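Listing of start-v8.tsv; format and content: TSV, C-alpha atoms and all ligand atoms.
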```
chain	number	residue	atom	x	y	z
A	25	MET	CA	45.94	-53.24	28.81
A	26	SER	CA	42.40	-54.49	28.10
A	27	CYS	CA	39.74	-51.95	28.98
A	28	ARG	CA	37.07	-54.55	29.75
A	29	LEU	CA	35.28	-53.80	33.00
A	30	LEU	CA	34.14	-56.06	35.85
A	31	LYS	CA	30.49	-56.88	36.49
A	32	PRO	CA	29.40	-57.45	40.08
A	33	ARG	CA	28.19	-60.91	41.09
A	34	GLU	CA	24.91	-61.43	42.87
A	35	PHE	CA	24.57	-63.73	45.89
A	36	ASP	CA	21.19	-65.15	46.90
A	37	ASN	CA	22.50	-66.50	50.22
A	38	LEU	CA	23.57	-63.27	51.95
A	39	ALA	CA	20.19	-62.61	53.57
A	40	HIS	CA	20.38	-66.05	55.22
A	41	ALA	CA	24.03	-66.25	56.28
A	42	ALA	CA	24.06	-67.87	59.70
A	43	GLY	CA	24.97	-65.57	62.57
A	44	LEU	CA	25.19	-62.48	60.36
A	45	SER	CA	22.33	-60.00	60.17
A	46	ARG	CA	20.71	-58.93	56.93
A	47	ASP	CA	21.69	-55.29	57.60
A	48	ALA	CA	25.34	-56.19	58.11
A	49	MET	CA	25.40	-58.25	54.91
A	50	THR	CA	23.68	-55.50	52.94
A	51	GLU	CA	26.37	-53.05	54.04
A	52	HIS	CA	29.11	-55.56	53.32
A	53	TYR	CA	27.77	-56.19	49.82
A	54	GLN	CA	27.72	-52.42	49.21
A	55	LEU	CA	31.37	-52.31	50.19
A	56	TYR	CA	32.06	-55.05	47.60
A	57	LEU	CA	30.23	-53.01	44.94
A	58	GLY	CA	32.49	-50.10	45.88
A	59	PHE	CA	35.56	-52.22	45.14
A	60	ILE	CA	34.07	-53.16	41.74
A	61	ASP	CA	33.53	-49.45	40.95
A	62	LYS	CA	37.03	-48.61	42.14
A	63	ALA	CA	38.61	-51.36	39.99
A	64	ASN	CA	36.61	-50.23	36.95
A	65	SER	CA	37.39	-46.54	37.32
A	66	LEU	CA	41.12	-47.32	37.74
A	67	THR	CA	41.04	-49.59	34.67
A	68	GLU	CA	39.42	-46.80	32.64
A	69	LYS	CA	41.93	-44.25	33.92
A	70	ILE	CA	44.93	-46.44	33.02
A	71	CYS	CA	43.42	-47.24	29.60
A	72	GLU	CA	42.71	-43.61	28.77
A	73	ARG	CA	46.19	-42.47	29.73
A	74	GLN	CA	47.91	-45.30	27.89
A	75	HIS	CA	46.36	-44.02	24.68
A	76	VAL	CA	47.98	-40.62	25.14
A	77	ARG	CA	51.71	-40.98	24.59
A	78	GLY	CA	53.69	-39.68	27.57
A	79	ALA	CA	50.59	-39.12	29.71
A	80	LEU	CA	51.70	-41.70	32.29
A	81	ASP	CA	54.90	-41.28	34.24
A	82	LYS	CA	56.42	-43.92	36.52
A	83	SER	CA	54.91	-42.65	39.76
A	84	ASP	CA	51.49	-42.36	38.08
A	85	ILE	CA	51.53	-45.96	36.96
A	86	ALA	CA	52.89	-47.23	40.29
A	87	ASN	CA	50.06	-45.56	42.19
A	88	LEU	CA	47.32	-46.57	39.76
A	89	LYS	CA	48.52	-50.17	39.49
A	90	GLY	CA	48.91	-50.47	43.26
A	91	ASP	CA	45.36	-49.24	43.81
A	92	LEU	CA	44.01	-51.47	41.01
A	93	GLN	CA	45.71	-54.57	42.42
A	94	PHE	CA	44.24	-53.86	45.85
A	95	ALA	CA	40.72	-53.36	44.42
A	96	LEU	CA	40.92	-56.53	42.28
A	97	ALA	CA	42.12	-58.58	45.26
A	98	ALA	CA	39.31	-57.18	47.42
A	99	VAL	CA	36.73	-58.10	44.76
A	100	ARG	CA	38.05	-61.62	44.41
A	101	ASN	CA	38.32	-62.24	48.16
A	102	HIS	CA	34.79	-61.01	48.83
A	103	GLU	CA	33.34	-63.13	46.01
A	104	LEU	CA	34.92	-66.28	47.43
A	105	TYR	CA	33.85	-65.38	50.98
A	106	PHE	CA	30.23	-64.45	50.09
A	107	ASP	CA	29.75	-67.53	47.94
A	108	LEU	CA	30.50	-69.87	50.87
A	109	LEU	CA	28.31	-68.32	53.58
A	110	GLY	CA	25.58	-70.74	54.54
A	111	GLU	CA	22.50	-71.10	56.63
A	112	SER	CA	22.56	-74.72	57.78
A	113	LYS	CA	25.20	-77.28	58.61
A	114	THR	CA	26.62	-79.18	55.65
A	115	ALA	CA	28.98	-82.15	55.69
A	116	PHE	CA	32.43	-82.30	54.11
A	117	PRO	CA	32.22	-83.90	50.66
A	118	ALA	CA	34.45	-86.95	50.10
A	119	GLU	CA	37.19	-85.21	48.11
A	120	LEU	CA	37.53	-82.50	50.75
A	121	SER	CA	37.64	-85.05	53.59
A	122	ALA	CA	40.45	-86.93	51.85
A	123	ALA	CA	42.54	-83.76	51.32
A	124	VAL	CA	41.88	-82.57	54.89
A	125	GLU	CA	42.94	-85.93	56.36
A	126	GLU	CA	46.11	-85.96	54.32
A	127	ALA	CA	47.15	-82.48	55.43
A	128	PHE	CA	45.72	-82.26	58.96
A	129	ASP	CA	45.04	-85.90	59.98
A	130	CYS	CA	41.36	-85.22	60.67
A	131	ALA	CA	38.56	-82.69	60.18
A	132	ASP	CA	38.87	-81.42	63.77
A	133	GLY	CA	42.58	-80.75	63.27
A	134	PHE	CA	41.85	-78.82	60.09
A	135	LEU	CA	39.07	-76.76	61.68
A	136	GLN	CA	41.20	-75.98	64.74
A	137	ASP	CA	44.07	-74.82	62.53
A	138	LEU	CA	41.74	-72.74	60.34
A	139	ARG	CA	40.09	-71.18	63.41
A	140	LEU	CA	43.45	-70.20	64.93
A	141	THR	CA	44.64	-68.83	61.57
A	142	ALA	CA	41.46	-66.78	61.20
A	143	VAL	CA	41.28	-65.44	64.75
A	144	SER	CA	44.91	-64.32	64.62
A	145	SER	CA	44.60	-62.65	61.19
A	146	ARG	CA	44.04	-58.92	60.74
A	147	GLY	CA	42.62	-59.17	57.24
A	148	TRP	CA	41.88	-62.49	55.61
A	149	ALA	CA	42.27	-66.21	56.24
A	150	TRP	CA	42.32	-68.69	53.37
A	151	THR	CA	42.38	-72.40	52.85
A	152	VAL	CA	44.41	-73.03	49.72
A	153	PHE	CA	45.22	-76.02	47.58
A	154	ASP	CA	48.95	-75.72	46.88
A	155	LEU	CA	49.74	-76.85	43.34
A	156	SER	CA	53.43	-77.27	44.24
A	157	THR	CA	52.96	-79.67	47.17
A	158	SER	CA	49.48	-81.08	46.34
A	159	ARG	CA	48.15	-80.29	49.79
A	160	LEU	CA	45.94	-77.90	51.72
A	161	TRP	CA	47.31	-75.08	53.86
A	162	ASN	CA	45.55	-72.49	56.00
A	163	LEU	CA	47.12	-69.07	55.42
A	164	SER	CA	46.54	-65.51	56.58
A	165	GLY	CA	47.15	-62.05	55.15
A	166	SER	CA	46.87	-58.61	56.71
A	167	GLN	CA	44.90	-57.14	53.82
A	168	SER	CA	43.31	-58.02	50.48
A	169	GLY	CA	46.43	-57.49	48.40
A	170	HIS	CA	48.60	-59.63	50.67
A	171	PHE	CA	47.87	-63.17	49.48
A	172	PRO	CA	51.00	-64.93	50.69
A	173	LEU	CA	51.76	-67.87	48.38
A	174	PHE	CA	51.94	-68.08	44.61
A	175	ASN	CA	51.03	-71.35	42.86
A	176	ALA	CA	48.33	-71.90	45.48
A	177	ILE	CA	44.60	-71.67	44.75
A	178	PRO	CA	42.28	-70.33	47.48
A	179	ILE	CA	39.26	-72.59	47.99
A	180	LEU	CA	37.90	-70.85	51.10
A	181	ALA	CA	38.16	-67.27	52.41
A	182	VAL	CA	37.15	-65.71	55.73
A	183	ASP	CA	36.97	-61.91	56.04
A	184	LEU	CA	38.53	-60.74	59.33
A	185	SER	CA	38.27	-56.99	58.75
A	186	ASP	CA	36.40	-55.13	61.48
A	187	HIS	CA	33.57	-54.36	59.06
A	188	ALA	CA	32.89	-58.10	58.63
A	189	TYR	CA	31.97	-58.83	62.24
A	190	PHE	CA	31.78	-55.70	64.41
A	191	TYR	CA	28.16	-54.93	63.52
A	192	ASP	CA	26.90	-58.32	64.78
A	193	PHE	CA	29.61	-59.52	67.15
A	194	GLY	CA	31.32	-56.41	68.52
A	195	LEU	CA	34.80	-57.39	69.68
A	196	ARG	CA	33.94	-61.11	69.79
A	197	ARG	CA	35.99	-62.09	66.77
A	198	GLY	CA	36.22	-65.76	67.91
A	199	ALA	CA	32.42	-66.04	68.09
A	200	TYR	CA	32.18	-64.64	64.55
A	201	VAL	CA	34.70	-67.17	63.23
A	202	ASP	CA	32.86	-70.01	65.02
A	203	ALA	CA	29.55	-68.92	63.46
A	204	ILE	CA	31.06	-68.78	59.98
A	205	LEU	CA	32.84	-72.13	60.20
A	206	ALA	CA	29.80	-73.91	61.65
A	207	HIS	CA	27.68	-73.04	58.64
A	208	LEU	CA	30.00	-72.80	55.67
A	209	ARG	CA	28.80	-74.42	52.45
A	210	TRP	CA	31.38	-77.18	52.54
A	211	ASP	CA	29.95	-78.67	49.35
A	212	ARG	CA	31.11	-75.52	47.56
A	213	VAL	CA	34.53	-75.69	49.21
A	214	GLY	CA	34.75	-79.23	47.82
A	215	ARG	CA	33.73	-77.96	44.38
A	216	ASN	CA	36.48	-75.31	44.57
A	217	LEU	CA	38.99	-77.98	45.57
A	218	GLN	CA	38.04	-80.11	42.56
A	219	ALA	CA	38.47	-77.09	40.26
A	220	ALA	CA	41.94	-76.44	41.75
A	221	MET	CA	42.88	-80.09	41.26
A	222	ARG	CA	41.82	-79.90	37.61
A	223	LEU	CA	44.05	-76.84	37.22
A	224	GLN	CA	46.91	-78.79	38.72
A	225	GLN	CA	46.38	-81.66	36.26
A	226	ALA	CA	46.45	-79.17	33.40
A	227	ALA	CA	49.56	-77.47	34.80
A	228	ASN	CA	51.32	-80.82	35.19
A	229	GLY	CA	50.58	-81.81	31.60
A	230	PRO	CA	53.21	-82.05	28.87
A	231	GLU	CA	53.45	-78.27	28.50
A	232	GLY	CA	52.36	-77.26	31.97
A	233	VAL	CA	54.25	-74.90	34.26
A	234	ASN	CA	54.83	-77.69	36.80
A	235	SER	CA	55.88	-80.36	34.32
A	236	PRO	CA	59.16	-82.09	35.23
A	237	LEU	CA	62.30	-80.82	33.52
A	238	VAL	CA	63.53	-83.04	30.70
A	239	PHE	CA	67.22	-82.96	29.80
A	240	ALA	CA	68.60	-83.95	26.42
A	241	GLY	CA	70.94	-86.92	26.25
H	301	FE	FE	34.96	-57.28	53.75
```

Represent the structure from my file as structure tokens, please.
Amino acid sequence: MSCRLLKPREFDNLAHAAGLSRDAMTEHYQLYLGFIDKANSLTEKICERQHVRGALDKSDIANLKGDLQFALAAVRNHELYFDLLGESKTAFPAELSAAVEEAFDCADGFLQDLRLTAVSSRGWAWTVFDLSTSRLWNLSGSQSGHFPLFNAIPILAVDLSDHAYFYDFGLRRGAYVDAILAHLRWDRVGRNLQAAMRLQQAANGPEGVNSPLVFAG
């Protein structure tokens, strides 16, 4: 396994995220840094032990890998979530509007579905572009490591853990979700969608994982 370590990302928008206080975002960012440290220390531990023959037994590796997967998923989810927090209303870009209309008929239908998905989730809600069906879905997972659908690329993430909203909203989880959705940087969601679509084009190419099967004769 490669022993390269993660570097934390910086976000210049966290102090201005609508509806969320600077103190809450500072704490939340510290939590993210903790996941980076955790992922790096687990990577180092696995690397060190792999270089000593017989130093890792099956239960060792199961525990270390399980913890590493959770930390990596937490890092990735928080980076997507932080990157999209905004301060003012932005419109849906054209490519996002088209995908939303195809999957949900209209923007209101999409937002209603995303809101319900988020409010009912215990951990995370995502909007994904599904490479298998070429459409958007709103999905939920009970914790960072529980992303539910392979071959789907998350383009939007909402953190529904208590630590994400309790400081500013108390038990009013719906009000938190409304504040987030009203000010998301939809231009960036559109950028993420375009990146996912480019991945799909590459995957559908002559040697891509989704390329149609070709039979001889
Ligand atoms: Fe979080």

Would you kindly return, as a compact mmCIF listing (two decimals) with C-alpha atoms, in the frame of the given file, each protein, DNA or RNA residue with an atom no farther than 8 Å from any atom of range 27-42 of chain A, considering only C-alpha atoms and excluding same-chain residues fewer than 2 positions away?
```txt
# COMPACT_ATOMS: atom_id res chain seq x y z
CA MET A 25 45.94 -53.24 28.81
CA LEU A 44 25.19 -62.48 60.36
CA SER A 45 22.33 -60.00 60.17
CA ARG A 46 20.71 -58.93 56.93
CA MET A 49 25.40 -58.25 54.91
CA THR A 50 23.68 -55.50 52.94
CA LEU A 57 30.23 -53.01 44.94
CA ILE A 60 34.07 -53.16 41.74
CA ALA A 63 38.61 -51.36 39.99
CA ASN A 64 36.61 -50.23 36.95
CA THR A 67 41.04 -49.59 34.67
CA GLU A 68 39.42 -46.80 32.64
CA CYS A 71 43.42 -47.24 29.60
CA GLU A 103 33.34 -63.13 46.01
CA PHE A 106 30.23 -64.45 50.09
CA ASP A 107 29.75 -67.53 47.94
CA LEU A 109 28.31 -68.32 53.58
CA GLY A 110 25.58 -70.74 54.54
CA GLU A 111 22.50 -71.10 56.63
CA SER A 112 22.56 -74.72 57.78
CA ALA A 203 29.55 -68.92 63.46
CA ILE A 204 31.06 -68.78 59.98
CA HIS A 207 27.68 -73.04 58.64
```

- Rounded to one decimal place, report the CA of Ala127 in chain A-CA of Ala219 in chain A distance in Å.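 Calculated distance between CA of Ala127 in chain A and CA of Ala219 in chain A is 18.3 Å.
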
Hey, which bits of chain A sit within 12 Å of ligand FE 301 (chain H), and for each residue what's the closest pair of atoms and how far apart in Å (one decimal), counting only C-alpha atoms and all ligand atoms, rows by chain and increasing number, as CSV?
```
residue,atom,partner,partner_atom,distance
A:Ala48,CA,H:FE301,FE,10.6
A:Met49,CA,H:FE301,FE,9.7
A:Thr50,CA,H:FE301,FE,11.4
A:Glu51,CA,H:FE301,FE,9.6
A:His52,CA,H:FE301,FE,6.1
A:Tyr53,CA,H:FE301,FE,8.3
A:Gln54,CA,H:FE301,FE,9.8
A:Leu55,CA,H:FE301,FE,7.1
A:Tyr56,CA,H:FE301,FE,7.2
A:Leu57,CA,H:FE301,FE,10.9
A:Gly58,CA,H:FE301,FE,10.9
A:Phe59,CA,H:FE301,FE,10.0
A:Ala95,CA,H:FE301,FE,11.6
A:Ala97,CA,H:FE301,FE,11.2
A:Ala98,CA,H:FE301,FE,7.7
A:Val99,CA,H:FE301,FE,9.2
A:Arg100,CA,H:FE301,FE,10.8
A:Asn101,CA,H:FE301,FE,8.2
A:His102,CA,H:FE301,FE,6.2
A:Glu103,CA,H:FE301,FE,9.8
A:Leu104,CA,H:FE301,FE,11.0
A:Tyr105,CA,H:FE301,FE,8.6
A:Phe106,CA,H:FE301,FE,9.3
A:Arg146,CA,H:FE301,FE,11.6
A:Gly147,CA,H:FE301,FE,8.6
A:Trp148,CA,H:FE301,FE,8.9
A:Ala149,CA,H:FE301,FE,11.8
A:Gln167,CA,H:FE301,FE,9.9
A:Ser168,CA,H:FE301,FE,9.0
A:Ala181,CA,H:FE301,FE,10.6
A:Val182,CA,H:FE301,FE,8.9
A:Asp183,CA,H:FE301,FE,5.5
A:Leu184,CA,H:FE301,FE,7.5
A:Ser185,CA,H:FE301,FE,6.0
A:Asp186,CA,H:FE301,FE,8.2
A:His187,CA,H:FE301,FE,6.2
A:Ala188,CA,H:FE301,FE,5.4
A:Tyr189,CA,H:FE301,FE,9.1
A:Phe190,CA,H:FE301,FE,11.2
```

- Separation of CA of Leu108 in chain A from CA of Arg209 in chain A in Å: 5.1 Å

- Take CA of Gly43 in chain A and CA of Val124 in chain A and report the distance between them in Å, one decimal.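 These two atoms are separated by 25.2 Å.
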
- Query: Counting all atoms listed in the file, which of A:Trp210, A:Leu180, A:Thr157, A:Val143 gets nearest to Arg196 in chain A?
  - Reply: A:Val143

- Query: Using all atoms listed in the file, which of A:Ala123, A:Val152, A:Leu140, A:Ala199 sits nearest Pro172 in chain A?
  - Reply: A:Val152

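Counting only C-alpha atoms and comparing A:Leu135, A:Leu92, A:Leu120, A:Leu223, the residue that lies closest to Ala206 in chain A is A:Leu135.
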